[in-house]
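Undergrad: Just so it is clear, I am handing over final11.csv, which has CSV, C-alpha atoms and all ligand atoms.
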chain,number,residue,atom,x,y,z
J,1,MET,CA,232.2,180.4,-111.6
J,2,THR,CA,232.0,184.1,-112.3
J,3,ASP,CA,230.3,186.3,-109.8
J,4,VAL,CA,227.4,187.9,-111.7
J,5,GLY,CA,226.8,190.6,-109.1
J,6,THR,CA,230.4,191.8,-109.3
J,7,LEU,CA,230.4,191.7,-113.0
J,8,LEU,CA,227.2,193.7,-113.2
J,9,ALA,CA,228.4,196.3,-110.7
J,10,GLY,CA,231.6,196.8,-112.6
J,11,ALA,CA,229.8,197.0,-116.0
J,12,ARG,CA,227.3,199.5,-114.6
J,13,GLN,CA,230.3,201.7,-113.7
J,14,GLY,CA,231.3,201.6,-117.3
J,15,ARG,CA,234.3,199.3,-116.9
J,16,ILE,CA,235.0,197.9,-120.4
J,17,ALA,CA,236.4,194.6,-119.3
J,18,TYR,CA,233.4,193.8,-117.2
J,19,ILE,CA,231.0,194.8,-120.0
J,20,ALA,CA,232.9,192.6,-122.4
J,21,ARG,CA,232.9,189.6,-120.1
J,22,LEU,CA,229.1,190.0,-119.5
J,23,LEU,CA,228.5,190.0,-123.2
J,24,SER,CA,230.7,186.9,-123.8
J,25,ILE,CA,228.6,185.0,-121.2
J,26,ILE,CA,225.5,186.0,-123.0
J,27,GLU,CA,226.8,185.3,-126.4
J,28,ASN,CA,228.1,181.9,-125.6
J,29,GLU,CA,225.1,181.0,-123.4
J,30,GLU,CA,227.3,180.2,-120.5
J,31,PRO,CA,225.5,178.9,-117.3
J,32,GLU,CA,225.4,182.4,-115.8
J,33,ALA,CA,223.6,183.9,-118.8
J,34,ALA,CA,220.1,183.2,-117.4
J,35,ASP,CA,221.0,185.0,-114.1
J,36,ILE,CA,222.3,188.0,-116.0
J,37,ILE,CA,219.2,188.3,-118.0
J,38,ARG,CA,217.0,187.9,-114.9
J,39,LEU,CA,218.9,190.7,-113.2
J,40,THR,CA,218.9,193.1,-116.2
J,41,TYR,CA,215.7,192.4,-118.1
J,42,ALA,CA,213.5,194.9,-116.3
J,43,GLN,CA,215.9,197.7,-117.1
J,44,THR,CA,215.8,197.2,-120.9
J,45,GLY,CA,213.7,199.2,-123.3
J,46,ARG,CA,215.3,202.6,-122.7
J,47,ALA,CA,217.9,202.8,-125.4
J,48,ILE,CA,217.4,203.9,-129.0
J,49,VAL,CA,218.2,200.8,-130.9
J,50,VAL,CA,218.9,201.2,-134.6
J,51,GLY,CA,219.9,198.7,-137.2
J,52,PHE,CA,222.0,199.4,-140.4
J,53,THR,CA,221.8,196.7,-143.0
J,54,GLY,CA,222.6,196.5,-146.7
J,55,PRO,CA,225.1,195.0,-149.1
J,56,PRO,CA,228.8,194.6,-148.4
J,57,GLY,CA,230.7,197.8,-148.9
J,58,SER,CA,227.7,200.1,-149.0
J,59,GLY,CA,229.2,202.1,-146.2
J,60,LYS,CA,227.4,200.7,-143.1
J,61,SER,CA,230.5,200.9,-140.8
J,62,THR,CA,231.4,204.4,-142.1
J,63,LEU,CA,227.8,205.6,-141.6
J,64,VAL,CA,227.6,204.1,-138.1
J,65,SER,CA,230.9,205.9,-137.2
J,66,ALA,CA,229.5,209.2,-138.5
J,67,ILE,CA,226.2,208.8,-136.7
J,68,THR,CA,228.0,207.8,-133.5
J,69,ALA,CA,230.0,211.1,-133.6
J,70,LEU,CA,226.8,213.1,-134.0
J,71,TYR,CA,224.9,211.3,-131.2
J,72,ARG,CA,228.0,211.8,-129.0
J,73,ARG,CA,227.6,215.6,-129.4
J,74,THR,CA,224.5,215.4,-127.2
J,75,ALA,CA,226.6,213.4,-124.7
J,76,ALA,CA,224.8,210.1,-125.3
J,77,ARG,CA,226.6,206.9,-124.5
J,78,VAL,CA,226.7,204.9,-127.7
J,79,ALA,CA,227.3,201.2,-128.2
J,80,VAL,CA,228.0,199.6,-131.6
J,81,VAL,CA,227.2,196.0,-132.2
J,82,ALA,CA,228.7,194.6,-135.5
J,83,VAL,CA,227.2,191.3,-136.5
J,84,ASP,CA,229.6,189.2,-138.4
J,85,PRO,CA,231.4,192.1,-140.0
J,86,SER,CA,233.4,191.5,-143.1
J,87,SER,CA,235.5,194.5,-142.3
J,88,PRO,CA,236.5,194.6,-138.6
J,89,TYR,CA,235.8,197.6,-136.6
J,90,THR,CA,239.3,197.9,-135.4
J,91,GLY,CA,240.5,198.4,-139.0
J,92,GLY,CA,241.3,201.8,-140.3
J,93,ALA,CA,238.7,201.4,-143.1
J,94,ILE,CA,235.8,202.3,-140.9
J,95,LEU,CA,236.9,205.9,-140.3
J,96,GLY,CA,238.1,208.4,-142.8
J,97,ASP,CA,241.3,209.3,-141.2
J,98,ARG,CA,243.6,208.4,-138.3
J,99,ILE,CA,242.8,211.5,-136.2
J,100,ARG,CA,239.1,210.8,-136.1
J,101,MET,CA,239.8,207.2,-135.4
J,102,ARG,CA,242.0,208.1,-132.4
J,103,GLU,CA,239.4,210.4,-131.1
J,104,ARG,CA,236.7,207.7,-131.3
J,105,TYR,CA,238.7,205.0,-129.6
J,106,LEU,CA,239.8,207.3,-126.8
J,107,ASP,CA,236.2,208.2,-126.3
J,108,THR,CA,235.0,206.2,-123.3
J,109,GLY,CA,231.4,207.0,-124.2
J,110,VAL,CA,231.6,204.6,-127.2
J,111,PHE,CA,231.7,200.8,-126.8
J,112,ILE,CA,232.2,198.6,-129.8
J,113,ARG,CA,231.4,194.9,-129.9
J,114,SER,CA,231.8,192.5,-132.8
J,115,MET,CA,229.8,189.3,-132.9
J,116,ALA,CA,230.9,186.3,-134.8
J,117,ASN,CA,228.3,184.4,-136.8
J,118,ARG,CA,227.6,181.1,-135.0
J,119,GLY,CA,225.8,178.4,-136.8
J,120,THR,CA,222.1,179.0,-137.3
J,121,SER,CA,220.8,182.5,-138.1
J,122,GLY,CA,218.1,182.1,-135.4
J,123,GLY,CA,220.9,181.6,-132.8
J,124,LEU,CA,222.7,184.7,-133.9
J,125,ALA,CA,219.6,186.8,-133.9
J,126,ARG,CA,218.8,185.7,-130.4
J,127,ALA,CA,222.4,186.3,-129.2
J,128,THR,CA,222.4,189.7,-130.8
J,129,ARG,CA,219.1,190.7,-129.2
J,130,ARG,CA,220.4,189.7,-125.8
J,131,VAL,CA,223.6,191.6,-126.3
J,132,VAL,CA,221.7,194.7,-127.3
J,133,GLY,CA,219.4,194.2,-124.2
J,134,ILE,CA,222.4,194.1,-121.8
J,135,LEU,CA,223.9,197.2,-123.3
J,136,ASP,CA,220.5,198.9,-123.0
J,137,ALA,CA,220.2,197.8,-119.4
J,138,LEU,CA,223.7,199.0,-118.7
J,139,GLY,CA,222.7,202.5,-119.6
J,140,PHE,CA,223.8,203.0,-123.2
J,141,ASP,CA,221.5,205.6,-124.7
J,142,VAL,CA,222.0,204.5,-128.2
J,143,VAL,CA,222.8,201.0,-129.6
J,144,LEU,CA,223.7,200.8,-133.3
J,145,VAL,CA,223.6,197.4,-134.9
J,146,GLU,CA,225.4,196.7,-138.2
J,147,THR,CA,224.5,193.6,-140.2
J,148,VAL,CA,225.1,192.6,-143.7
J,149,GLY,CA,221.6,192.6,-145.2
J,150,VAL,CA,221.8,190.9,-148.6
J,151,GLY,CA,222.5,187.2,-148.7
J,152,GLN,CA,221.6,184.0,-147.2
J,153,GLN,CA,223.0,184.5,-143.7
J,154,GLU,CA,221.3,187.7,-142.9
J,155,ILE,CA,219.6,187.8,-139.6
J,156,ASP,CA,216.1,189.1,-139.2
J,157,VAL,CA,217.3,192.5,-138.0
J,158,SER,CA,213.7,193.8,-137.4
J,159,ARG,CA,213.5,191.3,-134.5
J,160,VAL,CA,216.5,192.9,-132.9
J,161,VAL,CA,216.2,196.7,-133.4
J,162,ASP,CA,213.5,199.3,-133.2
J,163,THR,CA,214.3,201.0,-136.5
J,164,VAL,CA,215.9,199.4,-139.5
J,165,CYS,CA,217.9,201.5,-141.9
J,166,LEU,CA,218.5,199.8,-145.2
J,167,LEU,CA,221.5,201.1,-147.2
J,168,THR,CA,221.9,201.2,-150.9
J,169,ILE,CA,224.3,203.2,-153.1
J,170,PRO,CA,223.9,205.3,-156.3
J,171,GLY,CA,223.5,203.2,-159.4
J,172,ALA,CA,223.2,199.9,-157.5
J,173,GLY,CA,220.6,198.4,-159.9
J,174,ASP,CA,221.1,194.9,-158.7
J,175,ASP,CA,220.9,195.9,-155.1
J,176,ILE,CA,217.6,197.6,-155.8
J,177,GLN,CA,216.4,194.4,-157.3
J,178,ALA,CA,217.4,192.5,-154.2
J,179,ILE,CA,215.7,195.2,-152.1
J,180,LYS,CA,212.6,194.8,-154.2
J,181,ALA,CA,212.6,191.1,-153.7
J,182,GLY,CA,211.6,191.5,-150.2
J,183,ILE,CA,214.2,193.1,-148.0
J,184,MET,CA,212.4,196.3,-148.4
J,185,GLU,CA,209.7,194.7,-146.2
J,186,ILE,CA,211.9,195.3,-143.2
J,187,ALA,CA,213.2,198.8,-144.0
J,188,ASP,CA,211.9,201.6,-141.9
J,189,VAL,CA,214.2,204.1,-143.4
J,190,LEU,CA,215.9,203.8,-146.8
J,191,VAL,CA,219.3,205.3,-147.1
J,192,VAL,CA,221.1,206.2,-150.3
J,193,ASN,CA,224.7,206.4,-149.0
J,194,LYS,CA,227.7,207.6,-151.0
J,195,ALA,CA,225.4,210.4,-152.2
J,196,ASP,CA,228.6,212.3,-153.0
J,197,ARG,CA,228.9,210.1,-156.0
J,198,PRO,CA,226.9,210.6,-159.2
J,199,GLY,CA,223.5,209.1,-159.6
J,200,ALA,CA,222.3,209.5,-156.0
J,201,ASP,CA,219.2,211.6,-157.1
J,202,GLU,CA,218.2,209.0,-159.7
J,203,THR,CA,218.6,206.1,-157.2
J,204,ALA,CA,216.5,208.0,-154.6
J,205,ARG,CA,213.9,208.7,-157.2
J,206,ASP,CA,213.7,205.0,-158.2
J,207,LEU,CA,213.3,204.0,-154.6
J,208,ILE,CA,210.6,206.5,-154.0
J,209,GLN,CA,208.8,205.3,-157.0
J,210,MET,CA,209.1,201.7,-155.9
J,211,LEU,CA,207.7,202.7,-152.5
J,212,THR,CA,204.6,204.4,-154.1
J,213,LEU,CA,204.0,201.4,-156.4
J,214,GLY,CA,204.2,198.8,-153.6
J,215,SER,CA,201.3,198.4,-151.3
J,216,PRO,CA,202.2,200.1,-148.0
J,217,ARG,CA,203.1,197.7,-145.4
J,218,LEU,CA,201.9,199.9,-142.6
J,219,ALA,CA,200.7,203.4,-142.1
J,220,TRP,CA,204.4,204.4,-141.9
J,221,ARG,CA,205.7,206.1,-145.0
J,222,THR,CA,209.3,204.9,-145.4
J,223,PRO,CA,211.4,207.9,-146.1
J,224,VAL,CA,214.4,207.9,-148.4
J,225,VAL,CA,217.4,209.8,-147.1
J,226,LYS,CA,220.6,210.6,-149.0
J,227,THR,CA,223.8,210.5,-147.0
J,228,SER,CA,227.5,210.7,-147.4
J,229,ALA,CA,229.1,208.9,-144.5
J,230,GLU,CA,232.4,210.2,-145.9
J,231,ASP,CA,231.7,214.0,-145.7
J,232,GLY,CA,228.8,214.0,-143.2
J,233,THR,CA,226.1,215.2,-145.6
J,234,GLY,CA,222.6,214.0,-144.6
J,235,ILE,CA,223.5,212.5,-141.3
J,236,GLU,CA,221.4,214.9,-139.3
J,237,GLU,CA,218.5,214.2,-141.6
J,238,LEU,CA,219.0,210.5,-141.1
J,239,ILE,CA,218.9,210.9,-137.3
J,240,ALA,CA,215.7,213.0,-137.7
J,241,ALA,CA,214.1,210.2,-139.8
J,242,ILE,CA,215.1,207.7,-137.2
J,243,ASP,CA,213.6,209.8,-134.5
J,244,LYS,CA,210.4,210.2,-136.5
J,245,HIS,CA,210.1,206.5,-137.0
J,246,ARG,CA,210.6,205.9,-133.4
J,247,ALA,CA,208.0,208.3,-132.4
J,248,TRP,CA,205.5,206.9,-134.9
J,249,ALA,CA,206.2,203.3,-133.7
J,250,GLU,CA,205.6,204.2,-130.1
J,251,GLU,CA,202.4,206.1,-130.8
J,252,SER,CA,200.9,203.6,-133.3
J,253,GLY,CA,201.6,200.6,-131.1
J,254,GLU,CA,203.9,199.1,-133.8
J,255,ALA,CA,206.9,199.1,-131.4
J,256,ARG,CA,204.9,197.1,-128.9
J,257,ARG,CA,203.7,194.7,-131.6
J,258,ARG,CA,207.2,194.2,-132.9
J,259,ASN,CA,208.6,193.6,-129.5
J,260,ALA,CA,205.8,191.1,-128.8
J,261,ASP,CA,206.7,189.3,-132.0
J,262,ALA,CA,210.3,189.1,-131.1
J,263,MET,CA,209.6,187.9,-127.6
J,264,ARG,CA,207.1,185.3,-128.8
J,265,HIS,CA,209.8,183.9,-131.0
J,266,ASP,CA,212.4,184.0,-128.2
J,267,ILE,CA,210.1,182.3,-125.7
J,268,GLN,CA,209.0,179.6,-128.1
J,269,ALA,CA,212.6,178.8,-128.8
J,270,LEU,CA,213.5,178.6,-125.1
J,271,LEU,CA,210.4,176.5,-124.5
J,272,GLN,CA,211.4,174.1,-127.1
J,273,GLU,CA,214.9,173.8,-125.8
J,274,ARG,CA,213.6,173.3,-122.2
J,275,VAL,CA,211.1,170.6,-123.3
J,276,LEU,CA,213.8,168.7,-125.2
J,277,GLN,CA,216.1,168.9,-122.2
J,278,ASP,CA,213.5,167.7,-119.8
J,279,LEU,CA,212.6,165.0,-122.2
J,280,ALA,CA,216.1,163.8,-122.5
J,281,THR,CA,216.4,163.7,-118.7
J,282,ARG,CA,213.1,161.8,-118.4
J,283,VAL,CA,213.8,159.3,-121.0
J,284,GLY,CA,217.4,158.6,-120.2
J,285,LYS,CA,219.9,156.6,-122.2
J,286,GLN,CA,219.1,153.2,-120.8
J,287,LYS,CA,215.4,153.4,-121.6
J,288,LEU,CA,216.2,154.6,-125.1
J,289,ASP,CA,218.7,151.8,-125.6
J,290,ASP,CA,216.1,149.2,-124.5
J,291,VAL,CA,213.5,150.5,-126.7
J,292,VAL,CA,215.9,150.6,-129.7
J,293,LEU,CA,216.7,147.0,-129.2
J,294,ARG,CA,213.0,146.0,-129.1
J,295,VAL,CA,212.5,147.9,-132.4
J,296,VAL,CA,215.5,146.2,-134.0
J,297,ASP,CA,214.1,142.8,-132.8
J,298,LYS,CA,210.7,143.8,-134.3
J,299,THR,CA,208.8,143.3,-131.1
J,300,LEU,CA,208.0,147.1,-131.3
J,301,ASP,CA,207.6,149.5,-134.1
J,302,PRO,CA,209.1,153.0,-134.0
J,303,TYR,CA,205.8,154.8,-133.2
J,304,GLY,CA,205.1,152.3,-130.5
J,305,ALA,CA,208.6,153.0,-129.2
J,306,VAL,CA,207.8,156.7,-128.8
J,307,ASP,CA,204.5,155.8,-127.1
J,308,ALA,CA,206.4,153.5,-124.7
J,309,LEU,CA,209.0,156.1,-123.9
J,310,LEU,CA,206.5,158.8,-123.2
J,311,ARG,CA,204.2,156.5,-121.1
J,312,ASP,CA,206.7,155.7,-118.4
P,401,LIG,N1,232.5,208.1,-151.5
P,401,LIG,C1,232.0,207.6,-150.5
P,401,LIG,N2,232.6,206.5,-150.0
P,401,LIG,C2,232.1,205.9,-148.8
P,401,LIG,C3,231.0,206.5,-148.2
P,401,LIG,N3,230.7,205.7,-147.1
P,401,LIG,C4,231.6,204.7,-147.1
P,401,LIG,N4,232.5,204.8,-148.2
P,401,LIG,C5,233.6,203.9,-148.5
P,401,LIG,O1,233.1,202.7,-148.9
P,401,LIG,C6,234.0,201.6,-148.5
P,401,LIG,C7,233.2,200.6,-147.7
P,401,LIG,O2,232.8,201.2,-146.5
P,401,LIG,P1,232.4,200.4,-145.2
P,401,LIG,O3,231.9,201.4,-144.2
P,401,LIG,O4,233.5,199.5,-144.8
P,401,LIG,O5,231.2,199.5,-145.8
P,401,LIG,P2,230.3,198.4,-145.0
P,401,LIG,O6,229.0,198.4,-145.6
P,401,LIG,O7,230.5,198.5,-143.6
P,401,LIG,O8,231.1,197.1,-145.6
P,401,LIG,P3,231.0,195.6,-145.0
P,401,LIG,O9,231.1,195.7,-143.5
P,401,LIG,O10,232.2,195.0,-145.6
P,401,LIG,O11,229.8,195.0,-145.5
P,401,LIG,C8,235.1,202.3,-147.7
P,401,LIG,O12,236.2,202.5,-148.5
P,401,LIG,C9,234.5,203.7,-147.3
P,401,LIG,O13,235.5,204.7,-147.2
P,401,LIG,C10,230.4,207.6,-148.7
P,401,LIG,O14,229.4,208.2,-148.2
P,401,LIG,N5,231.0,208.1,-149.8
P,402,MG,MG,231.2,197.1,-142.1
Just dump the structure as structure tokens.

TA:
Amino acid sequence: MTDVGTLLAGARQGRIAYIARLLSIIENEEPEAADIIRLTYAQTGRAIVVGFTGPPGSGKSTLVSAITALYRRTAARVAVVAVDPSSPYTGGAILGDRIRMRERYLDTGVFIRSMANRGTSGGLARATRRVVGILDALGFDVVLVETVGVGQQEIDVSRVVDTVCLLTIPGAGDDIQAIKAGIMEIADVLVVNKADRPGADETARDLIQMLTLGSPRLAWRTPVVKTSAEDGTGIEELIAAIDKHRAWAEESGEARRRNADAMRHDIQALLQERVLQDLATRVGKQKLDDVVLRVVDKTLDPYGAVDALLRD
């Protein structure tokens, strides 16, 4: 048994080992998870929670690092949650050079957590949302979530974050097709990263044209921002676009609507689990075995078996 109170107190003081342990309990749905959520849920909803999604190699990790550095200038505490990353956050690849990397990892205002993909995408989305919620409740001002956004395993990131940034890169015709195919539905901000490479203006133009052709999903006009995560160009503009979306979502009620949608999903899933558990307890193995035998002996049909089990 882990003492939840001790863990929470340590985590609130910013002790990394305690934070990590709390998140593991949540992620693995250990018995203490429900208590932790009960004790922290009321303190959630303060952090700026932003998702970065897009095809592998589009520069999500590099952009998250760059944006983290900028948020840190205003002394914000930043947490990064990388969902099933193909390039681990401890690798040198995420930061341009070793000096910057050392600075970042010595910086106690930054906490990085990688989440492994576990089974169903629904499970991962829920675990991710909870992990984000705990970080929010522990006082992180900004929580950045990286997910691979093109492919079968993608999680519905809009159920996890307040603002979804969808990355593409110059000349990525196929990616744009994929974006067109529906992923754009979830994008609150479109980012053309690697804008230091040729073709960024054309790609941005294509995206803007696509946005004007499609019927607007909401009153929100999805902006297209060009960035270079490598040299820092456009990062301030990206933060400004995120801020603007956040303000709009608050004012228009979209934030509340989206949260309600995510919570409905979450509660329904929990309800289903609970009902199934209760049912398993109520029915019991012996009763089930008896009924199965009667069905095998043809004295009862399968529907009648269910009726019989639920009756007593
Ligand atoms: N030229 C240029 N290269 C970049 C930029 N951003 C990232 N890169 C490079 O692109 C490569 C992939 O970057 P990552 O940040 O690992 O990309 P990712 O989207 O996180 O990749 P996965 O996590 O594997 O999906 C690295 O070699 C980066 O240095 C950029 O703005 N300009
Ligand atoms: Mg990455």

Undergrad: Tell me, as a PyMOL selection string, which residues lie within 12 Å of Ala33 (chain J), counting only C-alpha atoms; anything in the same chain fewer than 4 positions away does not count.

TA: chain J and resi 1-4+7-8+21-29+37-41+127+130-131+134

Undergrad: Go ahead and save the picked residues with C-alpha atoms, as a PDB file, in the frame of the given file.

TA:
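Wrote it out as result.pdb, contents follow:
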ATOM      1  CA  MET J   1     232.200 180.400-111.600  1.00  0.00           C
ATOM      2  CA  THR J   2     232.000 184.100-112.300  1.00  0.00           C
ATOM      3  CA  ASP J   3     230.300 186.300-109.800  1.00  0.00           C
ATOM      4  CA  VAL J   4     227.400 187.900-111.700  1.00  0.00           C
ATOM      5  CA  LEU J   7     230.400 191.700-113.000  1.00  0.00           C
ATOM      6  CA  LEU J   8     227.200 193.700-113.200  1.00  0.00           C
ATOM      7  CA  ARG J  21     232.900 189.600-120.100  1.00  0.00           C
ATOM      8  CA  LEU J  22     229.100 190.000-119.500  1.00  0.00           C
ATOM      9  CA  LEU J  23     228.500 190.000-123.200  1.00  0.00           C
ATOM     10  CA  SER J  24     230.700 186.900-123.800  1.00  0.00           C
ATOM     11  CA  ILE J  25     228.600 185.000-121.200  1.00  0.00           C
ATOM     12  CA  ILE J  26     225.500 186.000-123.000  1.00  0.00           C
ATOM     13  CA  GLU J  27     226.800 185.300-126.400  1.00  0.00           C
ATOM     14  CA  ASN J  28     228.100 181.900-125.600  1.00  0.00           C
ATOM     15  CA  GLU J  29     225.100 181.000-123.400  1.00  0.00           C
ATOM     16  CA  ILE J  37     219.200 188.300-118.000  1.00  0.00           C
ATOM     17  CA  ARG J  38     217.000 187.900-114.900  1.00  0.00           C
ATOM     18  CA  LEU J  39     218.900 190.700-113.200  1.00  0.00           C
ATOM     19  CA  THR J  40     218.900 193.100-116.200  1.00  0.00           C
ATOM     20  CA  TYR J  41     215.700 192.400-118.100  1.00  0.00           C
ATOM     21  CA  ALA J 127     222.400 186.300-129.200  1.00  0.00           C
ATOM     22  CA  ARG J 130     220.400 189.700-125.800  1.00  0.00           C
ATOM     23  CA  VAL J 131     223.600 191.600-126.300  1.00  0.00           C
ATOM     24  CA  ILE J 134     222.400 194.100-121.800  1.00  0.00           C
TER      25      ILE J 134
END

Undergrad: Contacts of region 72-80 of chain J at 7 Å or less, counting all atoms listed in the file, minus same-chain residues fewer than 6 places along, as a PyMOL selection string?

TA: chain J and resi 109-113+140-145

Undergrad: Have a look at J:Val224, J:Val283, J:Leu167, J:Leu213 and name the one nearest to Leu309 (chain J); count all atoms listed in the file.

TA: J:Val283

Undergrad: Taking only C-alpha atoms into account, name the residue in J:Gly171, J:Gly54, J:Gly10, J:Gly133 that is nearest to Ala42 (chain J).

TA: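 Closest candidate: J:Gly133.
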
Undergrad: Give me, please, the distance in Å between atom O10 of ligand LIG 401 (chain P) and CA of Ser228 (chain J), quoted to one decimal.

TA: 16.5 Å

Undergrad: In terms of the shortest atom-to-atom distance over all atoms listed in the file, which of J:Cys165, J:Ala255, J:Ala195, J:Met263 is closest to ligand LIG 401 (chain P)?

TA: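 Looking only at the distances to ligand LIG 401 (chain P), the closest residue turns out to be J:Ala195.
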
Undergrad: Residues around (227.1, 215.7, -143.6), cut-off 12 Å, counting all atoms listed in the file - what are they as a count of residues only?

TA: 24
